[in-house]
Amino acid sequence: MLGLSFIVLLAGCGGGDDVEPALPDRWVDQPAATKQARSVFSLHEIQAAYAVVTRFALAHGFDPALIDPQKTSYSPDELNAGVLNRMTPPLRERWQARVTEALDGDQEAKDGIRLLQFYDWEQPDWTLPPEGKVLRSQWIRDGEVGLTEATEDSPERMKITITHEAHLSFAEREIPFDLTVVKRVSYWMLENPEGTPSWLIDEYEGIFSVGDGLPVAPANQEPVPSATNTPDLEGPGGPEAPVGDPLDSIAVAPESANAPPANPVRRDPAGGAPVKDPVQAPPPPAPPAPPPAAPP
């Protein structure tokens, strides 16, 4: 399996195969927060900022309009839509410059855009799947909320890190295949003085992988209760995603039929036969107990 990984930083400061059953469209696990973050930000502030980040990621991370492999040209308006109003003014300015660089062919700039808004597969032999649904499901997990202390150049900020996994479907020479893209992205957030949305992205960095998952080892942090009833979930950003119950450890996936399968079918992006992720075999059964010894 070919895995392509990219690390990105953008700041405002300074033959038809069988396919696994479809997952729910969107699943969001609750985050965990460090003690430092909980000492500075209220529970409501953490829930609100996490809701802003996850709703933004679900709405823009894998926009079906931008991930059609046969689409080869993009405009600044397409890459800026719905993004600029979620950023602080310094990051907004840097993002627009990065969009210009990306559309001029700069590969590093392209990857910087893809980290927040995936586009342009550069795979001319790929097409949309026969049924037309390219985005099968999204899963946000392993959320961490931390604190970045103030410096001479930056105020105190909340840092939210998530793993965003998308299950996509394409076809090559009319043969359908599935592909998984995983991002691990950190967002530095500032409260919005204008109020809507309640928090703005001031900086972001991360890594994404096409075809292979990212190993994630979350820190030992405190689970944050569900934010389902907070007013911030009623704001813009599309329908509310299902929210998992708080977990004792954020390293534990939701034990539910809604959780993504452990062995999705997918295909090497470079071509070749469909590949199934390895699944650990169950341990062999214990040998039978020996019969009792015969009496003397």
# chains A, B, ... in the order shown; residues from 1 in each chain; ligands from 1
$ select_by_dssp --residues "segment 132-181 of chain A" --states "strand (DSSP E)" --output "PyMOL selection string"
chain A and resi 135-148+157-172+175-181
$ closest_atom_pairs --of "segment 81-164 of chain A" --to "segment 22-43 of chain A" --cutoff "9 Å" --atoms "only C-alpha atoms" --output "tab-separated table"
residue	atom	partner	partner_atom	distance
A:Leu135	CA	A:Asp25	CA	8.3
A:Arg136	CA	A:Asp25	CA	6.4
A:Ser137	CA	A:Asp25	CA	4.3
A:Gln138	CA	A:Arg26	CA	4.8
A:Trp139	CA	A:Trp27	CA	4.8
A:Ile140	CA	A:Val28	CA	4.8
A:Arg141	CA	A:Asp29	CA	5.1
A:Asp142	CA	A:Pro31	CA	6.5
A:Gly143	CA	A:Pro31	CA	4.1
A:Glu144	CA	A:Ala32	CA	5.1
A:Val145	CA	A:Ala33	CA	4.4
A:Gly146	CA	A:Ala37	CA	5.1
A:Leu147	CA	A:Ala37	CA	4.9
A:Thr148	CA	A:Ala37	CA	8.6
A:Met158	CA	A:Ala37	CA	7.2
A:Lys159	CA	A:Ala37	CA	8.7
A:Ile160	CA	A:Pro31	CA	8.8
A:Thr161	CA	A:Pro31	CA	8.9
A:Ile162	CA	A:Pro31	CA	8.3
$ atom_distance --atom1 "atom CA of Pro129 of chain A" --atom2 "atom CA of Glu78 of chain A"
22.7 Å
$ atom_distance --atom1 "atom CA of Thr54 of chain A" --atom2 "atom CA of Ile67 of chain A"
19.5 Å
$ residues_around --residues "Gly82 of chain A" --least-positions-apart "4" --cutoff "9 Å" --atoms "only C-alpha atoms" --output "PyMOL selection string"
chain A and resi 56+59-60+78+86+237
$ write_last_selection --atoms "all heavy atoms" --output "PDB file, in the first residue's frame"
ATOM      1  N   PHE A  56     -16.467  23.022  10.958  1.00  0.00           N
ATOM      2  CA  PHE A  56     -15.685  23.538   9.835  1.00  0.00           C
ATOM      3  C   PHE A  56     -15.024  22.386   9.078  1.00  0.00           C
ATOM      4  O   PHE A  56     -15.070  22.320   7.849  1.00  0.00           O
ATOM      5  CB  PHE A  56     -14.621  24.514  10.349  1.00  0.00           C
ATOM      6  CG  PHE A  56     -13.668  24.987   9.290  1.00  0.00           C
ATOM      7  CD1 PHE A  56     -14.000  26.047   8.463  1.00  0.00           C
ATOM      8  CD2 PHE A  56     -12.435  24.362   9.114  1.00  0.00           C
ATOM      9  CE1 PHE A  56     -13.118  26.479   7.473  1.00  0.00           C
ATOM     10  CE2 PHE A  56     -11.550  24.783   8.134  1.00  0.00           C
ATOM     11  CZ  PHE A  56     -11.892  25.849   7.312  1.00  0.00           C
ATOM     12  N   ALA A  59     -17.547  20.326   7.066  1.00  0.00           N
ATOM     13  CA  ALA A  59     -18.131  21.044   5.931  1.00  0.00           C
ATOM     14  C   ALA A  59     -17.129  21.270   4.810  1.00  0.00           C
ATOM     15  O   ALA A  59     -17.503  21.269   3.629  1.00  0.00           O
ATOM     16  CB  ALA A  59     -18.695  22.385   6.404  1.00  0.00           C
ATOM     17  N   HIS A  60     -15.844  21.472   5.152  1.00  0.00           N
ATOM     18  CA  HIS A  60     -14.878  21.905   4.141  1.00  0.00           C
ATOM     19  C   HIS A  60     -13.724  20.947   3.915  1.00  0.00           C
ATOM     20  O   HIS A  60     -13.029  21.064   2.904  1.00  0.00           O
ATOM     21  CB  HIS A  60     -14.326  23.283   4.521  1.00  0.00           C
ATOM     22  CG  HIS A  60     -15.357  24.351   4.571  1.00  0.00           C
ATOM     23  ND1 HIS A  60     -15.872  24.937   3.438  1.00  0.00           N
ATOM     24  CD2 HIS A  60     -16.008  24.922   5.613  1.00  0.00           C
ATOM     25  CE1 HIS A  60     -16.778  25.841   3.778  1.00  0.00           C
ATOM     26  NE2 HIS A  60     -16.886  25.843   5.082  1.00  0.00           N
ATOM     27  N   GLU A  78     -13.669  29.530  -5.339  1.00  0.00           N
ATOM     28  CA  GLU A  78     -14.008  28.173  -4.906  1.00  0.00           C
ATOM     29  C   GLU A  78     -13.218  27.767  -3.662  1.00  0.00           C
ATOM     30  O   GLU A  78     -13.752  27.114  -2.762  1.00  0.00           O
ATOM     31  CB  GLU A  78     -13.725  27.176  -6.033  1.00  0.00           C
ATOM     32  CG  GLU A  78     -14.713  27.213  -7.182  1.00  0.00           C
ATOM     33  CD  GLU A  78     -14.348  26.232  -8.269  1.00  0.00           C
ATOM     34  OE1 GLU A  78     -13.275  26.388  -8.887  1.00  0.00           O
ATOM     35  OE2 GLU A  78     -15.123  25.287  -8.492  1.00  0.00           O
ATOM     36  N   ARG A  86     -13.964  32.142   8.724  1.00  0.00           N
ATOM     37  CA  ARG A  86     -13.631  31.336   9.905  1.00  0.00           C
ATOM     38  C   ARG A  86     -12.215  31.617  10.392  1.00  0.00           C
ATOM     39  O   ARG A  86     -11.744  30.942  11.318  1.00  0.00           O
ATOM     40  CB  ARG A  86     -13.786  29.848   9.585  1.00  0.00           C
ATOM     41  CG  ARG A  86     -15.199  29.433   9.196  1.00  0.00           C
ATOM     42  CD  ARG A  86     -16.187  29.861  10.251  1.00  0.00           C
ATOM     43  NE  ARG A  86     -17.557  29.548   9.904  1.00  0.00           N
ATOM     44  CZ  ARG A  86     -18.273  28.615  10.503  1.00  0.00           C
ATOM     45  NH1 ARG A  86     -17.753  27.903  11.478  1.00  0.00           N
ATOM     46  NH2 ARG A  86     -19.524  28.422  10.144  1.00  0.00           N
ATOM     47  N   GLY A 237     -22.794  25.948   9.350  1.00  0.00           N
ATOM     48  CA  GLY A 237     -21.844  24.855   9.177  1.00  0.00           C
ATOM     49  C   GLY A 237     -22.486  23.551   8.790  1.00  0.00           C
ATOM     50  O   GLY A 237     -21.834  22.529   8.736  1.00  0.00           O
TER      51      GLY A 237
END
$ residues_around --residues "Ala49 of chain A" --least-positions-apart "4" --cutoff "8 Å" --atoms "only C-alpha atoms" --output "PyMOL selection string"
chain A and resi 45+53+189+198-199
$ atom_distance --atom1 "atom CA of Ala48 of chain A" --atom2 "atom CA of Asn85 of chain A"
16.6 Å
$ closest_residue --among "A:Leu128, A:Ala150, A:Ile207, A:Leu200" --to "Phe170 of chain A" --atoms "only C-alpha atoms"
A:Leu128
$ closest_residue --among "A:Ile201, A:Ile175, A:Ala51, A:Ala166" --to "Leu91 of chain A" --atoms "only C-alpha atoms"
A:Ile201
